[in-house]
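*Asks:* So that you have it, the file is target-v3.txt, and it contains compact mmCIF, C-alpha atoms and all ligand atoms:
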# COMPACT_ATOMS: atom_id res chain seq x y z
CA MET A 910 -87.59 6.64 104.55
CA LYS A 911 -87.90 3.50 106.62
CA GLN A 912 -90.71 2.35 104.37
CA LYS A 913 -88.49 2.91 101.31
CA SER A 914 -85.60 0.78 102.62
CA LEU A 915 -88.04 -1.94 103.61
CA LEU A 916 -89.36 -1.90 100.06
CA SER A 917 -85.83 -2.12 98.58
CA ALA A 918 -85.02 -5.05 100.85
CA ALA A 919 -88.21 -6.80 99.83
CA PHE A 920 -87.37 -6.17 96.14
CA LEU A 921 -83.86 -7.63 96.54
CA LEU A 922 -85.24 -10.66 98.33
CA LEU A 923 -87.67 -11.12 95.48
CA ILE A 924 -84.90 -10.88 92.85
CA PHE A 925 -82.60 -13.29 94.65
CA GLY A 926 -85.52 -15.60 95.24
CA ALA A 927 -86.30 -15.57 91.53
CA MET A 928 -82.61 -16.16 90.72
CA LYS A 929 -82.47 -19.13 93.02
CA ALA A 930 -85.61 -20.58 91.53
CA GLN A 931 -84.11 -20.31 88.02
CA ASP A 932 -80.54 -21.13 88.98
CA VAL A 933 -79.32 -17.74 87.81
CA GLU A 934 -75.92 -16.56 89.01
CA PRO A 935 -75.76 -12.95 90.30
CA HIS A 936 -73.51 -11.85 87.39
CA GLN A 937 -76.08 -13.13 84.91
CA VAL A 938 -78.76 -10.71 86.09
CA THR A 939 -77.12 -7.89 84.09
CA GLU A 940 -76.35 -9.91 80.96
CA VAL A 941 -78.65 -8.97 78.06
CA HIS A 942 -79.18 -11.62 75.37
CA GLU A 943 -81.36 -9.84 72.82
CA PRO A 944 -81.30 -8.41 70.25
CA VAL A 945 -78.34 -10.12 68.63
CA PRO A 946 -76.82 -7.62 66.11
CA PRO A 947 -76.83 -8.81 62.49
CA VAL A 948 -73.49 -9.93 61.12
CA VAL A 949 -71.90 -7.41 58.75
CA THR A 950 -68.75 -8.12 56.78
CA PRO A 951 -66.56 -5.01 56.90
CA GLY A 952 -64.95 -3.80 53.69
CA VAL A 953 -61.18 -3.75 53.35
CA GLY A 954 -59.86 -0.19 53.62
CA THR A 955 -62.68 2.11 52.52
CA ALA A 956 -64.58 -0.53 50.52
CA PRO A 957 -68.25 -0.77 51.44
CA PRO A 958 -69.30 -3.19 54.17
CA SER A 959 -71.74 -5.94 53.17
CA ASP A 960 -74.90 -4.06 54.22
CA ALA A 961 -74.13 -0.73 52.53
CA ILE A 962 -76.18 0.80 49.73
CA ILE A 963 -73.74 1.69 46.97
CA LEU A 964 -74.49 5.16 45.65
CA PHE A 965 -71.52 5.44 43.29
CA ASP A 966 -69.11 2.65 42.46
CA GLY A 967 -67.32 4.38 39.61
CA THR A 968 -69.43 3.08 36.73
CA ASP A 969 -72.47 5.33 36.26
CA LEU A 970 -74.92 7.83 37.74
CA SER A 971 -77.89 5.47 37.77
CA ASN A 972 -78.60 6.22 41.44
CA TRP A 973 -78.59 9.99 40.84
CA GLU A 974 -80.73 12.60 39.15
CA LYS A 975 -80.97 16.36 38.75
CA ILE A 976 -83.17 18.33 41.12
CA ASP A 977 -85.93 18.43 38.48
CA GLY A 978 -85.82 14.63 38.19
CA SER A 979 -84.08 14.54 34.79
CA PRO A 980 -80.87 12.49 34.28
CA ALA A 981 -77.73 13.70 36.09
CA GLU A 982 -75.18 15.21 33.71
CA TRP A 983 -71.96 15.10 35.70
CA GLU A 984 -69.00 13.43 33.99
CA VAL A 985 -68.08 9.84 34.82
CA LYS A 986 -64.58 8.84 33.73
CA ASN A 987 -61.98 6.39 35.04
CA GLY A 988 -64.14 5.44 38.00
CA VAL A 989 -64.61 9.04 39.11
CA MET A 990 -67.53 11.46 38.82
CA THR A 991 -66.86 15.15 38.39
CA VAL A 992 -69.08 18.20 38.51
CA VAL A 993 -69.86 19.62 35.09
CA PRO A 994 -70.26 23.28 36.06
CA GLY A 995 -73.66 24.68 35.30
CA THR A 996 -75.44 21.33 34.98
CA GLY A 997 -76.77 21.68 38.50
CA HIS A 998 -76.82 19.79 41.76
CA ILE A 999 -77.44 16.07 41.69
CA ARG A 1000 -79.24 13.99 44.26
CA THR A 1001 -79.96 10.36 45.00
CA LYS A 1002 -83.17 8.87 43.65
CA GLN A 1003 -83.61 7.17 47.01
CA GLY A 1004 -84.46 9.06 50.19
CA PHE A 1005 -82.66 8.59 53.51
CA GLY A 1006 -83.12 9.54 57.17
CA ASP A 1007 -80.57 8.45 59.79
CA VAL A 1008 -77.43 7.30 57.98
CA GLN A 1009 -73.75 6.53 57.98
CA LEU A 1010 -72.19 7.92 54.81
CA HIS A 1011 -68.79 7.30 53.27
CA LEU A 1012 -67.72 9.62 50.47
CA GLU A 1013 -64.39 10.43 48.81
CA TRP A 1014 -63.78 13.79 47.18
CA ARG A 1015 -61.00 15.65 45.43
CA THR A 1016 -60.55 19.28 44.54
CA PRO A 1017 -58.57 20.27 41.41
CA GLU A 1018 -54.80 20.07 41.62
CA GLU A 1019 -54.56 23.27 39.63
CA ILE A 1020 -55.56 26.02 42.04
CA LYS A 1021 -58.04 28.54 40.70
CA GLY A 1022 -59.84 31.13 42.78
CA LYS A 1023 -59.70 31.61 46.52
CA GLY A 1024 -61.86 31.37 49.60
CA GLN A 1025 -65.31 30.01 48.79
CA GLY A 1026 -64.41 30.05 45.07
CA ARG A 1027 -61.82 27.28 45.30
CA GLY A 1028 -62.90 23.65 45.11
CA ASN A 1029 -66.37 24.27 46.49
CA SER A 1030 -69.06 21.62 46.58
CA GLY A 1031 -71.02 20.13 49.45
CA VAL A 1032 -72.96 17.16 50.66
CA PHE A 1033 -76.53 17.95 51.70
CA PHE A 1034 -78.29 15.46 53.94
CA MET A 1035 -82.03 15.28 53.37
CA ASP A 1036 -81.56 17.73 50.48
CA GLN A 1037 -80.98 20.64 52.88
CA TYR A 1038 -78.37 20.19 55.63
CA GLU A 1039 -74.92 20.87 54.16
CA VAL A 1040 -71.55 19.58 55.27
CA GLN A 1041 -69.21 21.78 53.27
CA ILE A 1042 -66.73 20.49 50.72
CA LEU A 1043 -64.01 23.02 49.94
CA ASP A 1044 -60.31 23.17 49.21
CA SER A 1045 -59.35 24.40 52.68
CA TYR A 1046 -55.66 23.60 52.29
CA ASP A 1047 -53.96 26.93 52.95
CA ASN A 1048 -57.08 28.74 51.73
CA PRO A 1049 -58.52 31.09 54.35
CA THR A 1050 -62.24 31.77 54.42
CA TYR A 1051 -64.81 32.20 57.19
CA PRO A 1052 -64.23 29.04 59.29
CA ASN A 1053 -67.91 28.18 59.54
CA GLY A 1054 -67.76 27.88 55.75
CA MET A 1055 -64.52 25.88 55.44
CA ALA A 1056 -64.26 22.16 54.58
CA ALA A 1057 -66.12 19.93 57.07
CA SER A 1058 -68.03 22.84 58.55
CA VAL A 1059 -71.75 22.52 58.97
CA TYR A 1060 -72.10 25.35 56.49
CA LYS A 1061 -72.68 28.75 58.15
CA GLN A 1062 -73.21 26.94 61.45
CA THR A 1063 -70.47 24.93 63.13
CA ILE A 1064 -66.70 25.29 62.65
CA PRO A 1065 -64.81 21.97 62.47
CA LEU A 1066 -62.59 21.08 65.47
CA VAL A 1067 -59.47 21.04 63.27
CA ASN A 1068 -58.48 21.53 59.64
CA ALA A 1069 -57.71 18.01 58.36
CA CYS A 1070 -57.59 18.94 54.65
CA ARG A 1071 -55.21 17.26 52.28
CA LYS A 1072 -53.54 19.13 49.42
CA PRO A 1073 -55.57 19.99 46.32
CA GLY A 1074 -55.52 17.09 43.86
CA GLU A 1075 -55.38 14.46 46.64
CA TRP A 1076 -58.32 12.23 47.52
CA GLN A 1077 -60.00 12.95 50.85
CA THR A 1078 -62.54 10.97 52.85
CA TYR A 1079 -65.64 11.91 54.76
CA ASP A 1080 -67.25 9.43 57.12
CA ILE A 1081 -70.39 11.04 58.43
CA ILE A 1082 -73.10 9.96 60.84
CA PHE A 1083 -76.23 12.00 60.33
CA MET A 1084 -79.31 11.75 62.55
CA ALA A 1085 -82.45 13.22 61.01
CA PRO A 1086 -84.52 15.77 62.92
CA ARG A 1087 -87.79 14.71 64.52
CA PHE A 1088 -90.94 16.79 64.40
CA ASN A 1089 -94.19 16.65 66.35
CA GLU A 1090 -97.72 16.72 64.94
CA GLN A 1091 -97.77 20.50 65.08
CA GLY A 1092 -94.65 20.68 62.91
CA ARG A 1093 -92.34 21.77 65.74
CA VAL A 1094 -88.87 20.22 65.85
CA THR A 1095 -88.60 17.99 68.93
CA HIS A 1096 -85.11 16.63 68.21
CA PRO A 1097 -82.88 18.71 65.95
CA ALA A 1098 -80.68 16.88 63.42
CA ARG A 1099 -77.22 15.90 64.64
CA VAL A 1100 -74.02 15.17 62.75
CA THR A 1101 -70.64 13.59 63.38
CA VAL A 1102 -67.96 14.09 60.73
CA ILE A 1103 -64.65 12.26 60.39
CA HIS A 1104 -62.45 13.92 57.78
CA ASN A 1105 -59.50 11.87 56.55
CA GLY A 1106 -59.77 9.77 59.71
CA VAL A 1107 -59.88 12.79 62.03
CA LEU A 1108 -62.92 13.67 64.13
CA VAL A 1109 -63.94 17.20 63.14
CA GLN A 1110 -67.62 17.41 64.14
CA ASN A 1111 -68.55 15.56 67.31
CA ASN A 1112 -72.29 14.88 67.37
CA VAL A 1113 -73.14 18.55 66.88
CA GLU A 1114 -76.66 19.86 66.66
CA ILE A 1115 -77.78 21.22 63.31
CA TRP A 1116 -79.70 24.48 63.72
CA GLY A 1117 -81.90 24.02 60.68
CA PRO A 1118 -81.63 23.88 56.86
CA THR A 1119 -78.51 25.47 55.39
CA ARG A 1120 -78.97 29.14 54.54
CA PHE A 1121 -76.59 31.30 52.53
CA VAL A 1122 -78.34 34.40 53.85
CA GLY A 1123 -80.02 34.66 57.22
CA LEU A 1124 -80.53 32.25 60.06
CA PRO A 1125 -81.72 28.67 59.67
CA GLN A 1126 -85.16 27.65 60.82
CA TYR A 1127 -86.60 24.15 60.88
CA ARG A 1128 -89.56 23.24 58.75
CA LYS A 1129 -91.24 19.88 59.10
CA HIS A 1130 -90.37 17.53 56.27
CA GLU A 1131 -90.51 13.88 55.23
CA ASP A 1132 -88.69 11.19 57.24
CA ARG A 1133 -86.57 10.30 54.22
CA LEU A 1134 -85.20 12.69 51.61
CA PRO A 1135 -82.43 12.47 48.99
CA LEU A 1136 -78.75 13.07 49.56
CA ARG A 1137 -77.57 15.97 47.41
CA LEU A 1138 -74.18 16.92 45.98
CA GLN A 1139 -73.59 20.53 45.08
CA ASP A 1140 -72.60 22.03 41.74
CA HIS A 1141 -70.79 25.17 42.90
CA ARG A 1142 -69.20 25.54 39.45
CA ASP A 1143 -65.89 24.03 40.59
CA LEU A 1144 -64.40 20.81 39.19
CA VAL A 1145 -64.79 18.73 42.31
CA SER A 1146 -64.63 14.95 41.84
CA PHE A 1147 -66.13 12.06 43.81
CA ARG A 1148 -65.63 8.32 44.12
CA ASN A 1149 -66.60 5.40 46.35
CA ILE A 1150 -69.84 6.72 47.81
CA TRP A 1151 -71.80 4.36 50.04
CA ILE A 1152 -74.38 4.72 52.73
CA ARG A 1153 -75.86 2.63 55.54
CA GLU A 1154 -79.32 3.26 56.91
CA LEU A 1155 -79.34 3.31 60.69
MG MG B 1 -70.64 24.23 49.31
Could you take the file, read its structure, and then write that structure out as structure tokens?

*Replies:*
Amino acid sequence: MKQKSLLSAAFLLLIFGAMKAQDVEPHQVTEVHEPVPPVVTPGVGTAPPSDAIILFDGTDLSNWEKIDGSPAEWEVKNGVMTVVPGTGHIRTKQGFGDVQLHLEWRTPEEIKGKGQGRGNSGVFFMDQYEVQILDSYDNPTYPNGMAASVYKQTIPLVNACRKPGEWQTYDIIFMAPRFNEQGRVTHPARVTVIHNGVLVQNNVEIWGPTRFVGLPQYRKHEDRLPLRLQDHRDLVSFRNIWIREL
């Protein structure tokens, strides 16, 4: 014990000695000067900041394709893209790992169906981890399958859904899972979801790829994979989709 305090005293003497030699004030010891974060110009409102990758700006689907790699067939009209039921999921041509995503979505004003059959779509990170999109405005379903749930995993903290026909925002921070050489997951994926400005998933752990049936289980995959939007045969629309790699 005595030896330890002697060592600490010697260390402090050394530090203060070094400070004196360099004319460093005590408060400066804890001031870190590098790295200097790059300057980013924020967008006004929900417009993309200067370093975002624009995935959909209202003009075309050039950044998207079908799962088989053929051209995406969803409708683009008046700056909005809408699911064409039966044409299949679409995904980005580019792959992503850790990201910040902004996405705006709208379910049909005219209510058809109920539960999971009403305004269903979804955003899949890395082609496999779904944050649910659903018309959850006065539309009961299993809560771990409602809007802003990590589908069949984590229930959102609150229901922040707007009425059908109104535009809604998702701002999502997704951290990709990490795997070791043997293919075991060492750090599960994590996700934070802000729905219409309201925190609904607070850095929650993702248990594995989304499963409709059964329990999720991680499987080692690439560091970067496409972002996917789901065709669940409902007329869900999207606009202003941008992403920032972290
Ligand atoms: Mg879905």

*Asks:* Could you tell me how far atom CA of A:Val993 sits from atom CA of A:Arg1137, in Å to one decimal place?

*Replies:*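 Separation of atom CA of A:Arg1137 and atom CA of A:Val993: 15.0 Å.
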
*Asks:* For each of A:Glu1019, A:Glu1039, A:Asp1047, A:Asp1080, take the minimum atom-to-atom distance to ligand MG 1 (chain B), counting all atoms listed in the file, then give the residue where this is smallest.

*Replies:* A:Glu1039

*Asks:* Residues within 6 Å of ligand MG 1 (chain B) (all atoms listed in the file), as a list in words?

*Replies:*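 Counting only what the definition allows, namely all atoms listed in the file, the set is Asn1029, Ser1030, Gly1031, Gln1041 and Ile1042 of chain A.
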
*Asks:* May I ask for the distance between atom CA of A:Ile1020 and atom CA of A:Trp1076, given in Å to one decimal place?

*Replies:*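 One can read the atom CA of A:Ile1020 to atom CA of A:Trp1076 distance as 15.1 Å.
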
*Asks:* Please return as a PDB file with C-alpha atoms, in the coordinates of the input every residue within 10 Å of (-54.4, 19.7, 44.2), taking into account all atoms listed in the file and the file's own coordinates.

*Replies:*
ATOM      1  CA  ARG A1015     -61.000  15.650  45.430  1.00  0.00           C
ATOM      2  CA  THR A1016     -60.550  19.280  44.540  1.00  0.00           C
ATOM      3  CA  PRO A1017     -58.570  20.270  41.410  1.00  0.00           C
ATOM      4  CA  GLU A1018     -54.800  20.070  41.620  1.00  0.00           C
ATOM      5  CA  GLU A1019     -54.560  23.270  39.630  1.00  0.00           C
ATOM      6  CA  ILE A1020     -55.560  26.020  42.040  1.00  0.00           C
ATOM      7  CA  GLY A1028     -62.900  23.650  45.110  1.00  0.00           C
ATOM      8  CA  ASP A1044     -60.310  23.170  49.210  1.00  0.00           C
ATOM      9  CA  TYR A1046     -55.660  23.600  52.290  1.00  0.00           C
ATOM     10  CA  ARG A1071     -55.210  17.260  52.280  1.00  0.00           C
ATOM     11  CA  LYS A1072     -53.540  19.130  49.420  1.00  0.00           C
ATOM     12  CA  PRO A1073     -55.570  19.990  46.320  1.00  0.00           C
ATOM     13  CA  GLY A1074     -55.520  17.090  43.860  1.00  0.00           C
ATOM     14  CA  GLU A1075     -55.380  14.460  46.640  1.00  0.00           C
ATOM     15  CA  TRP A1076     -58.320  12.230  47.520  1.00  0.00           C
TER      16      TRP A1076
END

*Asks:* Residues near A:Met1084, anyone? I mean within 9 Å using all atoms listed in the file, not counting same-chain ones fewer than 3 positions away, as a VMD selection string.

*Replies:* chain A and resid 1006 to 1009 1097 to 1101 1155

*Asks:* Could you save the residues just selected, with C-alpha atoms, as a compact mmCIF listing (two decimals), keeping the file's coordinate frame?

*Replies:*
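Contents of the output file out.txt:
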# COMPACT_ATOMS: atom_id res chain seq x y z
CA GLY A 1006 -83.12 9.54 57.17
CA ASP A 1007 -80.57 8.45 59.79
CA VAL A 1008 -77.43 7.30 57.98
CA GLN A 1009 -73.75 6.53 57.98
CA PRO A 1097 -82.88 18.71 65.95
CA ALA A 1098 -80.68 16.88 63.42
CA ARG A 1099 -77.22 15.90 64.64
CA VAL A 1100 -74.02 15.17 62.75
CA THR A 1101 -70.64 13.59 63.38
CA LEU A 1155 -79.34 3.31 60.69

*Asks:* Which residues are near A:Gln1077? Cut-off 6 Å, all atoms listed in the file, ignore same chain within fewer than 2 positions. Put them as a VMD selection string.

*Replies:* chain A and resid 1013 to 1014 1105

*Asks:* For the point (-65.4, 26.0, 53.4) in the file's frame, write as a ChimeraX atom specification all residues with an atom no more than 8 Å away, counting all atoms listed in the file.

*Replies:* /A:1024-1025,1029,1041-1045,1050-1058,1060

*Asks:* If you keep C-alpha atoms, can you produce a file of those selected residues as a tab-separated table (two decimals), in the frame of the given file?

*Replies:*
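The result, stored in selection_2.tsv:
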chain	number	residue	atom	x	y	z
A	1024	GLY	CA	-61.86	31.37	49.60
A	1025	GLN	CA	-65.31	30.01	48.79
A	1029	ASN	CA	-66.37	24.27	46.49
A	1041	GLN	CA	-69.21	21.78	53.27
A	1042	ILE	CA	-66.73	20.49	50.72
A	1043	LEU	CA	-64.01	23.02	49.94
A	1044	ASP	CA	-60.31	23.17	49.21
A	1045	SER	CA	-59.35	24.40	52.68
A	1050	THR	CA	-62.24	31.77	54.42
A	1051	TYR	CA	-64.81	32.20	57.19
A	1052	PRO	CA	-64.23	29.04	59.29
A	1053	ASN	CA	-67.91	28.18	59.54
A	1054	GLY	CA	-67.76	27.88	55.75
A	1055	MET	CA	-64.52	25.88	55.44
A	1056	ALA	CA	-64.26	22.16	54.58
A	1057	ALA	CA	-66.12	19.93	57.07
A	1058	SER	CA	-68.03	22.84	58.55
A	1060	TYR	CA	-72.10	25.35	56.49

*Asks:* Would you mind listing what lies within 8 Å of A:Ile963 as a PDB file with C-alpha atoms, in the frame of the given file, with all atoms listed in the file counted and same-chain residues fewer than 4 positions away left out?

*Replies:*
ATOM      1  CA  PRO A 957     -68.250  -0.770  51.440  1.00  0.00           C
ATOM      2  CA  ILE A1150     -69.840   6.720  47.810  1.00  0.00           C
ATOM      3  CA  TRP A1151     -71.800   4.360  50.040  1.00  0.00           C
ATOM      4  CA  ILE A1152     -74.380   4.720  52.730  1.00  0.00           C
TER       5      ILE A1152
END
